[in-house]
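Raw contents of target35.pdb, PDB, C-alpha atoms:
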```pdb
ATOM      1  CA  MET A   1      -9.846  52.581  29.649
ATOM      2  CA  PHE A   2      -8.900  54.646  26.606
ATOM      3  CA  LYS A   3      -5.370  53.154  26.595
ATOM      4  CA  GLY A   4      -6.799  49.634  26.604
ATOM      5  CA  ALA A   5      -9.045  50.428  23.646
ATOM      6  CA  VAL A   6      -6.108  51.869  21.689
ATOM      7  CA  ALA A   7      -3.973  48.801  22.471
ATOM      8  CA  ALA A   8      -6.771  46.489  21.316
ATOM      9  CA  TRP A   9      -7.211  48.494  18.120
ATOM     10  CA  VAL A  10      -3.443  48.395  17.361
ATOM     11  CA  ALA A  11      -3.347  44.651  18.043
ATOM     12  CA  SER A  12      -6.333  44.094  15.751
ATOM     13  CA  LEU A  13      -4.426  45.792  12.941
ATOM     14  CA  GLY A  14      -0.978  44.409  13.733
ATOM     15  CA  TYR A  15      -1.827  40.730  14.178
ATOM     16  CA  PRO A  16      -3.162  40.152  10.614
ATOM     17  CA  ILE A  17      -0.094  41.888   9.188
ATOM     18  CA  TYR A  18       2.187  39.727  11.338
ATOM     19  CA  ARG A  19       0.384  36.526  10.218
ATOM     20  CA  TYR A  20       0.610  37.577   6.561
ATOM     21  CA  VAL A  21       4.363  38.181   6.769
ATOM     22  CA  GLN A  22       4.951  34.888   8.603
ATOM     23  CA  ALA A  23       2.900  32.947   6.045
ATOM     24  CA  ARG A  24       4.923  34.477   3.182
ATOM     25  CA  LYS A  25       8.186  33.462   4.875
ATOM     26  CA  MET A  26       7.013  29.869   5.362
ATOM     27  CA  ALA A  27       5.666  29.574   1.795
ATOM     28  CA  ALA A  28       8.924  30.622   0.128
ATOM     29  CA  PRO A  29      10.087  27.791  -2.151
ATOM     30  CA  VAL A  30      13.416  26.126  -1.463
ATOM     31  CA  PRO A  31      15.671  26.725  -4.479
ATOM     32  CA  LEU A  32      16.812  23.575  -6.219
ATOM     33  CA  ARG A  33      20.466  22.757  -5.820
ATOM     34  CA  HIS A  34      20.525  19.756  -8.120
ATOM     35  CA  VAL A  35      18.423  17.661 -10.433
ATOM     36  CA  THR A  36      18.404  13.965 -11.284
ATOM     37  CA  LEU A  37      17.700  13.260 -14.948
ATOM     38  CA  GLU A  38      16.575   9.643 -14.749
ATOM     39  CA  GLY A  39      17.652   7.323 -17.547
ATOM     40  CA  VAL A  40      19.288  10.100 -19.583
ATOM     41  CA  ALA A  41      22.784   8.566 -19.435
ATOM     42  CA  ALA A  42      21.396   5.528 -21.250
ATOM     43  CA  THR A  43      19.313   7.428 -23.817
ATOM     44  CA  LEU A  44      21.193  10.614 -24.767
ATOM     45  CA  GLU A  45      23.503   9.581 -27.594
ATOM     46  CA  ARG A  46      27.095  10.708 -27.886
ATOM     47  CA  GLY A  47      27.320  13.986 -29.773
ATOM     48  CA  ALA A  48      23.819  15.055 -28.700
ATOM     49  CA  GLY A  49      22.446  17.635 -26.309
ATOM     50  CA  MET A  50      19.171  18.342 -24.540
ATOM     51  CA  VAL A  51      17.497  21.219 -22.738
ATOM     52  CA  PHE A  52      15.824  20.521 -19.392
ATOM     53  CA  GLN A  53      13.760  22.532 -16.917
ATOM     54  CA  ALA A  54      14.315  22.012 -13.182
ATOM     55  CA  GLY A  55      12.602  24.484 -10.891
ATOM     56  CA  GLU A  56      13.910  27.926 -11.775
ATOM     57  CA  HIS A  57      16.793  26.476 -13.794
ATOM     58  CA  LEU A  58      16.745  26.015 -17.552
ATOM     59  CA  GLY A  59      19.714  23.801 -18.291
ATOM     60  CA  LEU A  60      21.526  22.397 -21.291
ATOM     61  CA  LEU A  61      23.175  18.972 -21.056
ATOM     62  CA  VAL A  62      25.685  17.932 -23.743
ATOM     63  CA  HIS A  63      27.050  14.403 -24.202
ATOM     64  CA  HIS A  64      30.168  14.848 -26.335
ATOM     65  CA  ALA A  65      31.314  12.274 -28.893
ATOM     66  CA  ASP A  66      34.314  11.386 -26.685
ATOM     67  CA  GLY A  67      31.961  10.520 -23.791
ATOM     68  CA  GLU A  68      32.405  13.729 -21.767
ATOM     69  CA  TRP A  69      29.256  15.197 -20.171
ATOM     70  CA  VAL A  70      28.837  18.930 -19.518
ATOM     71  CA  ALA A  71      25.932  21.087 -18.370
ATOM     72  CA  PHE A  72      25.366  24.811 -18.619
ATOM     73  CA  SER A  73      22.651  27.333 -17.999
ATOM     74  CA  ALA A  74      20.482  27.362 -21.127
ATOM     75  CA  LEU A  75      19.942  31.122 -20.919
ATOM     76  CA  CYS A  76      22.112  33.367 -23.062
ATOM     77  CA  THR A  77      24.192  35.851 -21.091
ATOM     78  CA  HIS A  78      23.158  38.629 -23.489
ATOM     79  CA  LEU A  79      19.371  38.891 -23.095
ATOM     80  CA  GLN A  80      18.446  35.594 -21.395
ATOM     81  CA  CYS A  81      17.098  33.956 -24.572
ATOM     82  CA  PRO A  82      17.106  30.134 -24.456
ATOM     83  CA  VAL A  83      20.138  28.565 -26.128
ATOM     84  CA  SER A  84      20.416  25.120 -27.707
ATOM     85  CA  TYR A  85      23.106  22.701 -28.742
ATOM     86  CA  ARG A  86      23.517  22.446 -32.522
ATOM     87  CA  GLN A  87      24.957  18.990 -33.117
ATOM     88  CA  ASP A  88      25.491  19.730 -36.819
ATOM     89  CA  LEU A  89      27.644  22.776 -35.975
ATOM     90  CA  GLY A  90      29.172  21.461 -32.756
ATOM     91  CA  GLN A  91      28.172  24.725 -31.049
ATOM     92  CA  ILE A  92      25.785  26.136 -28.498
ATOM     93  CA  VAL A  93      23.801  28.860 -30.226
ATOM     94  CA  CYS A  94      21.427  31.617 -29.227
ATOM     95  CA  PRO A  95      18.818  32.250 -31.936
ATOM     96  CA  CYS A  96      17.975  35.778 -30.757
ATOM     97  CA  HIS A  97      21.175  37.539 -31.876
ATOM     98  CA  GLN A  98      23.337  34.698 -33.240
ATOM     99  CA  GLY A  99      25.427  34.326 -30.100
ATOM    100  CA  VAL A 100      27.742  31.287 -30.157
ATOM    101  CA  PHE A 101      29.260  29.446 -27.181
ATOM    102  CA  ASP A 102      31.890  26.713 -26.956
ATOM    103  CA  PRO A 103      30.113  23.435 -26.066
ATOM    104  CA  ARG A 104      32.967  22.201 -23.826
ATOM    105  CA  THR A 105      33.609  25.318 -21.761
ATOM    106  CA  GLY A 106      30.577  27.564 -22.309
ATOM    107  CA  THR A 107      32.922  30.364 -23.385
ATOM    108  CA  ASN A 108      31.304  33.033 -25.547
ATOM    109  CA  VAL A 109      32.852  32.627 -29.021
ATOM    110  CA  SER A 110      31.005  35.189 -31.124
ATOM    111  CA  GLY A 111      28.039  37.515 -31.150
ATOM    112  CA  PRO A 112      26.862  39.873 -28.447
ATOM    113  CA  PRO A 113      26.962  37.605 -25.337
ATOM    114  CA  PRO A 114      29.220  39.404 -22.834
ATOM    115  CA  LYS A 115      30.072  36.397 -20.622
ATOM    116  CA  PRO A 116      30.383  32.606 -20.785
ATOM    117  CA  LEU A 117      27.412  30.418 -19.889
ATOM    118  CA  PRO A 118      27.391  29.388 -16.225
ATOM    119  CA  ARG A 119      28.593  25.781 -15.994
ATOM    120  CA  PHE A 120      27.055  23.166 -13.705
ATOM    121  CA  SER A 121      28.736  20.060 -12.326
ATOM    122  CA  VAL A 122      27.678  16.731 -13.827
ATOM    123  CA  GLU A 123      27.902  13.309 -12.222
ATOM    124  CA  LEU A 124      26.828   9.984 -13.731
ATOM    125  CA  ARG A 125      25.225   7.389 -11.458
ATOM    126  CA  GLY A 126      24.260   4.363 -13.473
ATOM    127  CA  ASP A 127      21.736   5.461 -16.096
ATOM    128  CA  ASP A 128      20.984   8.723 -14.274
ATOM    129  CA  VAL A 129      22.646  12.094 -14.742
ATOM    130  CA  PHE A 130      22.949  14.380 -11.712
ATOM    131  CA  VAL A 131      23.329  18.069 -12.493
ATOM    132  CA  ASP A 132      24.575  20.126  -9.557
ATOM    133  CA  PHE A 133      23.641  23.815  -9.740
ATOM    134  CA  GLU A 134      25.479  24.925  -6.585
ATOM    135  CA  GLY A 135      27.961  22.220  -5.597
ATOM    136  CA  ALA A 136      25.752  20.441  -3.060
ATOM    137  CA  PHE A 137      24.083  17.198  -4.167
ATOM    138  CA  ALA A 138      22.753  16.597  -0.651
ATOM    139  CA  GLN A 139      20.502  19.675  -0.676
ATOM    140  CA  ALA A 140      17.011  20.153  -2.094
ATOM    141  CA  GLY A 141      16.664  18.522  -5.498
ATOM    142  CA  GLU A 142      14.233  17.235  -8.055
ATOM    143  CA  THR A 143      14.000  14.039 -10.061
ATOM    144  CA  ILE A 144      12.963  14.294 -13.691
ATOM    145  CA  ARG A 145      11.914  11.174 -15.514
ATOM    146  CA  THR A 146      13.205  10.858 -19.078
ATOM    147  CA  ALA A 147       9.689  11.012 -20.505
ATOM    148  CA  SER A 148       9.044  14.413 -18.897
ATOM    149  CA  VAL A 149      12.221  16.119 -20.096
ATOM    150  CA  PRO A 150      11.325  18.698 -22.786
TER     151      PRO A 150
END
```
Full structure transcribed into structure tokens:
Amino acid sequence: MFKGAVAAWVASLGYPIYRYVQARKMAAPVPLRHVTLEGVAATLERGAGMVFQAGEHLGLLVHHADGEWVAFSALCTHLQCPVSYRQDLGQIVCPCHQGVFDPRTGTNVSGPPPKPLPRFSVELRGDDVFVDFEGAFAQAGETIRTASVP
């Protein structure tokens, strides 16, 4: 009888812990692998850039004057400050410590950033721009309407 009571007591403690752990596993968000920026190919002028937020990614999209599109992480590799594209300078700059990156390759040009910006694949589909964070367009993604892009 004592063994049965101990087993019931252990089960009464263990089951809530088990349910909590299982719920946490099921609630884990699926990381975004790509984003669709709707209408951006038609609205972002040549020579301009824009920052966008997609899930955990803060990205920077640049439409070069020659028509080339590139996308990078918009977080500086020095201290994770947000970077921006300076059209007047033709550079990607970090305002925190004056880090400068090449807008075609993401290579760190000057300042304290120790590494280049991570580059994302870009694909145009009509007026939409697809930015691929991990090389898999078919995986979990998000669509951002032009009006909601910061």
- Item | Selection near Leu79 of chain A, 10 Å with all atoms listed in the file, sequence-local residues under 5 positions removed, as a list in words |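 Answer for this query is Cys94, Cys96, His97, Pro112, Pro113 and Pro114 of chain A.
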- Kindly give the distance, in Å, that separates atom CA of Lys115 of chain A and atom CA of Leu44 of chain A, rounded to a single decimal.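 For atom CA of Lys115 of chain A relative to atom CA of Leu44 of chain A, the distance reads 27.6 Å.
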- Query: For the atom pair atom CA of Phe120 of chain A and atom CA of Gly59 of chain A, what is the interatomic distance in Å to one decimal place?
  - Reply: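 So the two atoms, atom CA of Phe120 of chain A and atom CA of Gly59 of chain A, lie 8.7 Å apart.
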- Message: Can you measure atom CA of Asp102 of chain A to atom CA of Phe72 of chain A for me? One decimal in Å is fine.
- Response: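 Interatomic distance here is 10.8 Å.
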- Name the residues, using the chain letters and numbers of the file, that sit within 9 Å of (23.5, 34.5, -26.4) when counting only C-alpha atoms, and give them as a PyMOL selection string. chain A and resi 75-83+92-101+108+110-115+117
- Query: Which residues match the PyMOL selection byres ((chain A and resi 122-132) around 6) in the file above, as number ranges by chain?
  - Reply: A: 34-42, 120-121, 133-135
- Message: Using all atoms listed in the file for the distances, tell me which of A:Glu56, A:Val51, A:Leu89, A:Leu32 is nearest to Ala74 of chain A.
- Response: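 With all atoms listed in the file as the atom set, the closest residue is A:Val51.
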- Any idea what's packed within 9 Å of Arg119 of chain A, counting only C-alpha atoms, ignoring anything in its chain fewer than 5 positions away? Could you give it as number ranges by chain? A: 70-73, 105-106, 133
Can I get the selected residues back with C-alpha atoms, as a PDB file, keeping the file's coordinate frame?
```
ATOM      1  CA  VAL A  70      28.837  18.930 -19.518  1.00  0.00           C
ATOM      2  CA  ALA A  71      25.932  21.087 -18.370  1.00  0.00           C
ATOM      3  CA  PHE A  72      25.366  24.811 -18.619  1.00  0.00           C
ATOM      4  CA  SER A  73      22.651  27.333 -17.999  1.00  0.00           C
ATOM      5  CA  THR A 105      33.609  25.318 -21.761  1.00  0.00           C
ATOM      6  CA  GLY A 106      30.577  27.564 -22.309  1.00  0.00           C
ATOM      7  CA  PHE A 133      23.641  23.815  -9.740  1.00  0.00           C
TER       8      PHE A 133
END
```
Selection under test: the PyMOL selection byres ((chain A and resi 85-88) around 8); residues as a PDB file with C-alpha atoms, in the coordinates of the input:
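Resulting contents of out_37.pdb:
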```
ATOM      1  CA  GLY A  47      27.320  13.986 -29.773  1.00  0.00           C
ATOM      2  CA  ALA A  48      23.819  15.055 -28.700  1.00  0.00           C
ATOM      3  CA  GLY A  49      22.446  17.635 -26.309  1.00  0.00           C
ATOM      4  CA  MET A  50      19.171  18.342 -24.540  1.00  0.00           C
ATOM      5  CA  LEU A  60      21.526  22.397 -21.291  1.00  0.00           C
ATOM      6  CA  VAL A  62      25.685  17.932 -23.743  1.00  0.00           C
ATOM      7  CA  VAL A  83      20.138  28.565 -26.128  1.00  0.00           C
ATOM      8  CA  SER A  84      20.416  25.120 -27.707  1.00  0.00           C
ATOM      9  CA  LEU A  89      27.644  22.776 -35.975  1.00  0.00           C
ATOM     10  CA  GLY A  90      29.172  21.461 -32.756  1.00  0.00           C
ATOM     11  CA  GLN A  91      28.172  24.725 -31.049  1.00  0.00           C
ATOM     12  CA  ILE A  92      25.785  26.136 -28.498  1.00  0.00           C
ATOM     13  CA  VAL A  93      23.801  28.860 -30.226  1.00  0.00           C
ATOM     14  CA  PRO A 103      30.113  23.435 -26.066  1.00  0.00           C
TER      15      PRO A 103
END
```
- Query: With only C-alpha atoms as the basis for distance, which of A:Arg33, A:Arg104, A:Ala54, A:Pro116 is at the shortest distance from Gly67 of chain A?
  - Reply: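 Closest candidate: A:Arg104.
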